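> Sharing a structure here in structure tokens format.
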Amino acid sequence: MWNWSGASHLTWLNGLAMLIGTVIVLLLALGVVTYTIYAQRKILGWMQGRIGPNRLGPFGLMQTIADILKLLIKEDIIPEKADRSLFLLAPILAFVPSFMVLSVIPFSRTHVFTANISIGLLFYIALSAITIHGVMLGGWASNNKYALIGGMRSAAQMLSYEVPLGMSVLGVALMAGSLNLNTIVMSQHTGWWNIVPQFLGFCIFLVASTAELNRTPFDLPEAESELIAGYHIEYSGFRMAFFMLTEYVYLFAMAALCATLFLGGWSGPFLPGWLWFAIKVFAFIFFQFWIQNTMPRIRADHLMSFSWKVLLPLSLFNIVLTAVFKTIV
Amino acid sequence: MHFFASFTGSMTAFLIISVLIILCAIMLLSFRKVIYMALAIGGVFIGCAAVYILLGASFIGIAQVLIYAGAITILIMFAIMLTNHEAQEPPTKWSVKNIIIALGCALLGVALYLAIRHQTWSAQGTTVNQSSTVSNPVAIGMALFQQYTIPFELVSLLLIVGLVGAVILAQPRKEDEE
């Protein structure tokens, strides 16, 4: 089977295969996002004793598709006082990295469309930082005070929670002795899943990734009740859809990263690799929705100190602990 | 003949990337709005990262994206957004001083170009990393923590001095305001 990792030289055939792979991963991501939104509404409804979407198609399965269609045919409004070119550029800047990080995720055992690069983990963390530009510029270019506050909050939060996130995955890198995501999965395939020896790192990763995704209880940038919607308040139609898409693609990507780093990726007994991967990804996403339904929003003045004074020392401690164990054992 | 013989895929990629970098740099100089300049410098950083990756230094390339295109550009944007909203550079005027500066820049460019052209690059240095079997981050780690441990630790000391120095510099200004 053709494999990205085997292609060292760029030829026309390899280029074509990469293009096809990109389209397949894009379609996969779009499908996952569509039904993540559906699952979110269903799960939230179930937890609140409601039914959730049930009108369009069997069990309301077509509801999200209809919502997306509605968004796409809406008028694309650009405020007169907005900075036009930055306003148009911001959703693209936000979306492109969110899709690019999917290229290093090993979806299945054969990892057909996974780039086997030696720095996959760092690649993910570095690229996800680019999205902050899009969010921030979107908030600034809208020329709206709610959008500006939302964009600023979002950038500050994502920037400061990226530090503990990066630190918490270092323990995993130490365990596997590699930054290559394929190698990390292989090291778990033969031994324990990293969630057992790296439990502290896993907990830090869960909290930091929730904050990084701007989800409850860290959804201050989008706090509906105080900021209306945050940085994308002036956006409508297609561009609004892009910001929402970014958010949910990141949810998928973060779930995939969590499954890869801590839950053994595609490895597991009996079932095929891709199914195990899907189950683990869904578990992470379900956990996010569960938290969303049960936790109140954290206070703004607690947000930063929690990241720098609690999570960062804990993750540094985790690295030292892992390094000591790694040298002794 | 030599030029066309080396015209491979990576050469084409290098040409495209360098044109993009130069375009971003020109845009950085010609924009009047400061926030556009910050975005253009982000483009330059990402282009440089692409060149690093093209040369096989993938770790340095991604570190460039993480530190420069990620953190530094965001810091610049933060500074711009928190200080002046409609910041615009005044249009350039051709005064005597500016003309002298332009001539100096052109001379510096010519001097750098000639210096680089006359340098004989040893072919050995470029093949060391590619011939080894260890992956890129492993090779860098080995070099940093075995061969260059003391300079590496000294650099970290320098960073701490810079950090503490920034805090100390920022402090008395606060007292002045009060």
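Please note that chains go A, B, ... in the order of the structure tokens, that every chain numbers its residues from 1, and that ligands are numbered from 1 in the order shown.
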Under the rule of at most 12 Å, produce a per-residue listing of chain B near chain A: chain, number, name, the closest pair of atoms, and the distance in Å, as JSON lines, using only C-alpha atoms.

{"residue": "B:Thr8", "atom": "CA", "partner": "A:Leu10", "partner_atom": "CA", "distance": 10.0}
{"residue": "B:Gly9", "atom": "CA", "partner": "A:Leu10", "partner_atom": "CA", "distance": 7.0}
{"residue": "B:Ser10", "atom": "CA", "partner": "A:Leu10", "partner_atom": "CA", "distance": 8.5}
{"residue": "B:Met11", "atom": "CA", "partner": "A:Leu10", "partner_atom": "CA", "distance": 11.8}
{"residue": "B:Thr12", "atom": "CA", "partner": "A:Leu10", "partner_atom": "CA", "distance": 11.4}
{"residue": "B:Ala13", "atom": "CA", "partner": "A:Leu10", "partner_atom": "CA", "distance": 10.6}
{"residue": "B:Lys33", "atom": "CA", "partner": "A:Asp83", "partner_atom": "CA", "distance": 10.8}
{"residue": "B:Ile35", "atom": "CA", "partner": "A:Leu137", "partner_atom": "CA", "distance": 8.9}
{"residue": "B:Tyr36", "atom": "CA", "partner": "A:Leu86", "partner_atom": "CA", "distance": 8.3}
{"residue": "B:Met37", "atom": "CA", "partner": "A:Leu86", "partner_atom": "CA", "distance": 11.9}
{"residue": "B:Ala38", "atom": "CA", "partner": "A:His133", "partner_atom": "CA", "distance": 10.3}
{"residue": "B:Leu39", "atom": "CA", "partner": "A:His133", "partner_atom": "CA", "distance": 8.6}
{"residue": "B:Ala40", "atom": "CA", "partner": "A:Leu86", "partner_atom": "CA", "distance": 11.9}
{"residue": "B:Gly42", "atom": "CA", "partner": "A:Ile130", "partner_atom": "CA", "distance": 9.5}
{"residue": "B:Gly43", "atom": "CA", "partner": "A:Ile130", "partner_atom": "CA", "distance": 11.1}
{"residue": "B:Phe45", "atom": "CA", "partner": "A:Ile130", "partner_atom": "CA", "distance": 11.7}
{"residue": "B:Ile46", "atom": "CA", "partner": "A:Ile130", "partner_atom": "CA", "distance": 10.1}
{"residue": "B:Ala49", "atom": "CA", "partner": "A:Ala126", "partner_atom": "CA", "distance": 11.4}
{"residue": "B:Ile53", "atom": "CA", "partner": "A:Ile117", "partner_atom": "CA", "distance": 11.0}
{"residue": "B:Leu54", "atom": "CA", "partner": "A:His9", "partner_atom": "CA", "distance": 11.8}
{"residue": "B:Gly56", "atom": "CA", "partner": "A:Ser118", "partner_atom": "CA", "distance": 11.1}
{"residue": "B:Ala57", "atom": "CA", "partner": "A:Ile119", "partner_atom": "CA", "distance": 10.6}
{"residue": "B:Ser58", "atom": "CA", "partner": "A:Ile119", "partner_atom": "CA", "distance": 7.4}
{"residue": "B:Phe59", "atom": "CA", "partner": "A:Ile119", "partner_atom": "CA", "distance": 6.5}
{"residue": "B:Ile60", "atom": "CA", "partner": "A:Ile119", "partner_atom": "CA", "distance": 10.1}
{"residue": "B:Gly61", "atom": "CA", "partner": "A:Phe123", "partner_atom": "CA", "distance": 9.5}
{"residue": "B:Ile62", "atom": "CA", "partner": "A:Phe123", "partner_atom": "CA", "distance": 6.1}
{"residue": "B:Ala63", "atom": "CA", "partner": "A:Ala126", "partner_atom": "CA", "distance": 7.3}
{"residue": "B:Gln64", "atom": "CA", "partner": "A:Ala126", "partner_atom": "CA", "distance": 8.7}
{"residue": "B:Val65", "atom": "CA", "partner": "A:Ala126", "partner_atom": "CA", "distance": 6.0}
{"residue": "B:Leu66", "atom": "CA", "partner": "A:Ala126", "partner_atom": "CA", "distance": 4.3}
{"residue": "B:Ile67", "atom": "CA", "partner": "A:Ala126", "partner_atom": "CA", "distance": 8.0}
{"residue": "B:Tyr68", "atom": "CA", "partner": "A:Ala126", "partner_atom": "CA", "distance": 10.0}
{"residue": "B:Ala69", "atom": "CA", "partner": "A:Ile130", "partner_atom": "CA", "distance": 7.1}
{"residue": "B:Gly70", "atom": "CA", "partner": "A:Ala129", "partner_atom": "CA", "distance": 5.3}
{"residue": "B:Ala71", "atom": "CA", "partner": "A:Ala129", "partner_atom": "CA", "distance": 7.6}
{"residue": "B:Ile72", "atom": "CA", "partner": "A:Ala129", "partner_atom": "CA", "distance": 10.8}
{"residue": "B:Thr73", "atom": "CA", "partner": "A:His133", "partner_atom": "CA", "distance": 8.3}
{"residue": "B:Ile74", "atom": "CA", "partner": "A:His133", "partner_atom": "CA", "distance": 6.7}
{"residue": "B:Leu75", "atom": "CA", "partner": "A:Leu159", "partner_atom": "CA", "distance": 9.9}
{"residue": "B:Ile76", "atom": "CA", "partner": "A:His133", "partner_atom": "CA", "distance": 10.9}
{"residue": "B:Met77", "atom": "CA", "partner": "A:Met136", "partner_atom": "CA", "distance": 8.4}
{"residue": "B:Phe78", "atom": "CA", "partner": "A:Met152", "partner_atom": "CA", "distance": 8.0}
{"residue": "B:Ala79", "atom": "CA", "partner": "A:Met152", "partner_atom": "CA", "distance": 11.2}
{"residue": "B:Ile80", "atom": "CA", "partner": "A:Trp140", "partner_atom": "CA", "distance": 10.6}
{"residue": "B:Met81", "atom": "CA", "partner": "A:Trp140", "partner_atom": "CA", "distance": 7.7}
{"residue": "B:Leu82", "atom": "CA", "partner": "A:Met152", "partner_atom": "CA", "distance": 9.3}
{"residue": "B:His85", "atom": "CA", "partner": "A:Trp140", "partner_atom": "CA", "distance": 9.2}
{"residue": "B:Glu86", "atom": "CA", "partner": "A:Asp83", "partner_atom": "CA", "distance": 10.5}
{"residue": "B:Val134", "atom": "CA", "partner": "A:Ser118", "partner_atom": "CA", "distance": 10.0}
{"residue": "B:Ser135", "atom": "CA", "partner": "A:Ser118", "partner_atom": "CA", "distance": 6.4}
{"residue": "B:Asn136", "atom": "CA", "partner": "A:Ser118", "partner_atom": "CA", "distance": 6.8}
{"residue": "B:Pro137", "atom": "CA", "partner": "A:Ile119", "partner_atom": "CA", "distance": 7.1}
{"residue": "B:Val138", "atom": "CA", "partner": "A:Ser178", "partner_atom": "CA", "distance": 7.9}
{"residue": "B:Ala139", "atom": "CA", "partner": "A:Ser118", "partner_atom": "CA", "distance": 11.2}
{"residue": "B:Ile140", "atom": "CA", "partner": "A:Ile119", "partner_atom": "CA", "distance": 11.9}
{"residue": "B:Gly141", "atom": "CA", "partner": "A:Ser178", "partner_atom": "CA", "distance": 11.2}
> Need the shell around Ser18 of chain B: protein/DNA/RNA residues with any atom at most 10 Å away, counting only C-alpha atoms. Skip same-chain ones fewer than 2 positions apart. Format as a PDB file with N, CA and C atoms, in the first residue's frame?

ATOM      1  N   THR B  12      13.310  24.083  -7.191  1.00  0.00           N
ATOM      2  CA  THR B  12      12.088  24.807  -7.536  1.00  0.00           C
ATOM      3  C   THR B  12      11.386  25.287  -6.272  1.00  0.00           C
ATOM      4  N   ALA B  13      11.280  24.380  -5.292  1.00  0.00           N
ATOM      5  CA  ALA B  13      10.618  24.743  -4.044  1.00  0.00           C
ATOM      6  C   ALA B  13      11.351  25.900  -3.383  1.00  0.00           C
ATOM      7  N   PHE B  14      12.707  25.831  -3.408  1.00  0.00           N
ATOM      8  CA  PHE B  14      13.474  26.906  -2.784  1.00  0.00           C
ATOM      9  C   PHE B  14      13.215  28.237  -3.474  1.00  0.00           C
ATOM     10  N   LEU B  15      13.148  28.202  -4.819  1.00  0.00           N
ATOM     11  CA  LEU B  15      12.916  29.452  -5.551  1.00  0.00           C
ATOM     12  C   LEU B  15      11.552  30.039  -5.192  1.00  0.00           C
ATOM     13  N   ILE B  16      10.517  29.180  -5.162  1.00  0.00           N
ATOM     14  CA  ILE B  16       9.173  29.665  -4.844  1.00  0.00           C
ATOM     15  C   ILE B  16       9.139  30.250  -3.434  1.00  0.00           C
ATOM     16  N   LEU B  20       8.485  34.122  -2.097  1.00  0.00           N
ATOM     17  CA  LEU B  20       7.436  34.456  -1.127  1.00  0.00           C
ATOM     18  C   LEU B  20       8.015  35.234   0.058  1.00  0.00           C
ATOM     19  N   ILE B  21       9.203  34.792   0.531  1.00  0.00           N
ATOM     20  CA  ILE B  21       9.828  35.496   1.663  1.00  0.00           C
ATOM     21  C   ILE B  21      10.120  36.938   1.291  1.00  0.00           C
ATOM     22  N   ILE B  22      10.696  37.118   0.081  1.00  0.00           N
ATOM     23  CA  ILE B  22      11.068  38.475  -0.335  1.00  0.00           C
ATOM     24  C   ILE B  22       9.822  39.333  -0.518  1.00  0.00           C
ATOM     25  N   LEU B  23       8.742  38.706  -1.055  1.00  0.00           N
ATOM     26  CA  LEU B  23       7.478  39.439  -1.206  1.00  0.00           C
ATOM     27  C   LEU B  23       6.976  39.909   0.150  1.00  0.00           C
ATOM     28  N   CYS B  24       6.998  38.995   1.146  1.00  0.00           N
ATOM     29  CA  CYS B  24       6.534  39.347   2.487  1.00  0.00           C
ATOM     30  C   CYS B  24       7.391  40.459   3.067  1.00  0.00           C
ATOM     31  N   VAL B  44       7.266  36.172   6.774  1.00  0.00           N
ATOM     32  CA  VAL B  44       8.717  36.007   6.598  1.00  0.00           C
ATOM     33  C   VAL B  44       9.219  34.866   7.479  1.00  0.00           C
ATOM     34  N   GLY B  47       8.194  31.533   6.069  1.00  0.00           N
ATOM     35  CA  GLY B  47       8.999  31.229   4.893  1.00  0.00           C
ATOM     36  C   GLY B  47      10.385  30.726   5.272  1.00  0.00           C
ATOM     37  N   CYS B  48      11.005  31.363   6.274  1.00  0.00           N
ATOM     38  CA  CYS B  48      12.324  30.913   6.725  1.00  0.00           C
ATOM     39  C   CYS B  48      12.233  29.500   7.287  1.00  0.00           C
ATOM     40  N   ALA B  50      10.202  27.252   6.330  1.00  0.00           N
ATOM     41  CA  ALA B  50      10.098  26.352   5.173  1.00  0.00           C
ATOM     42  C   ALA B  50      11.475  26.085   4.575  1.00  0.00           C
ATOM     43  N   VAL B  51      12.332  27.117   4.531  1.00  0.00           N
ATOM     44  CA  VAL B  51      13.690  26.918   4.001  1.00  0.00           C
ATOM     45  C   VAL B  51      14.474  25.952   4.887  1.00  0.00           C
TER      46      VAL B  51
END
> Counting only C-alpha atoms, which residue out of A:Phe289, A:Trp192, A:Tyr231, A:Tyr38 sits closest to Gly264 of chain A?
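Of A:Phe289, A:Trp192, A:Tyr231, A:Tyr38, the one nearest Gly264 of chain A, counting only C-alpha atoms, is A:Trp192.
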> Considering only C-alpha atoms, return as a ChimeraX atom specification whatever protein or nucleic-acid residues lie within 9 Å of Glu247 of chain A, sequence-local ones (same chain, fewer than 4 positions apart) excluded.
/A:95,98,213-214,242-243,251-252
> Restricted to N, CA and C atoms, what would the selected residues look like written as a PDB file, in the first residue's frame?

ATOM      1  N   PHE A  95      -8.342  28.691  10.218  1.00  0.00           N
ATOM      2  CA  PHE A  95      -8.705  27.321   9.822  1.00  0.00           C
ATOM      3  C   PHE A  95      -7.526  26.507   9.317  1.00  0.00           C
ATOM      4  N   SER A  98      -5.521  24.405  11.728  1.00  0.00           N
ATOM      5  CA  SER A  98      -6.328  23.370  12.385  1.00  0.00           C
ATOM      6  C   SER A  98      -6.438  22.144  11.496  1.00  0.00           C
ATOM      7  N   LEU A 213      -8.919  24.552  23.783  1.00  0.00           N
ATOM      8  CA  LEU A 213     -10.046  24.472  22.854  1.00  0.00           C
ATOM      9  C   LEU A 213     -11.107  25.515  23.148  1.00  0.00           C
ATOM     10  N   ASN A 214     -10.897  26.348  24.167  1.00  0.00           N
ATOM     11  CA  ASN A 214     -11.876  27.358  24.592  1.00  0.00           C
ATOM     12  C   ASN A 214     -13.218  26.739  24.945  1.00  0.00           C
ATOM     13  N   PHE A 242     -16.553  29.065   9.013  1.00  0.00           N
ATOM     14  CA  PHE A 242     -15.132  28.721   9.076  1.00  0.00           C
ATOM     15  C   PHE A 242     -14.620  28.745  10.513  1.00  0.00           C
ATOM     16  N   PHE A 243     -15.030  29.757  11.280  1.00  0.00           N
ATOM     17  CA  PHE A 243     -14.581  29.813  12.680  1.00  0.00           C
ATOM     18  C   PHE A 243     -15.137  28.627  13.463  1.00  0.00           C
ATOM     19  N   LEU A 251     -11.269  20.297  18.073  1.00  0.00           N
ATOM     20  CA  LEU A 251     -11.781  19.327  19.049  1.00  0.00           C
ATOM     21  C   LEU A 251     -11.428  17.914  18.602  1.00  0.00           C
ATOM     22  N   PHE A 252     -11.653  17.649  17.313  1.00  0.00           N
ATOM     23  CA  PHE A 252     -11.324  16.338  16.739  1.00  0.00           C
ATOM     24  C   PHE A 252      -9.828  16.074  16.813  1.00  0.00           C
TER      25      PHE A 252
END
> Applying 9 Å and only C-alpha atoms, which residues near Gln157 of chain A remain after dropping the ones on its own chain fewer than 3 positions away? List them as a VMD selection string.
chain A and resid 152 to 154 160 to 162 211 to 212 214 218 220 to 221 303 to 304 307
> Expressed in Å to a single decimal, how great is the separation between atom CA of Phe284 of chain A and atom CA of Ala255 of chain A?
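Going from atom CA of Phe284 of chain A over to atom CA of Ala255 of chain A, I get 5.5 Å.
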> Can you check which residues of segment 34-210 of chain A DSSP gives as alpha helix (DSSP H) on the backbone and send them as an MDAnalysis selection string?
chainID A and resid 34:47 63:72 84:100 120:141 145:176 181:190 199:210
> Rounded to one decimal in Å, what is the spacing between atom CA of Lys326 of chain A and atom CA of Leu174 of chain A?
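So the answer is 7.8 Å.
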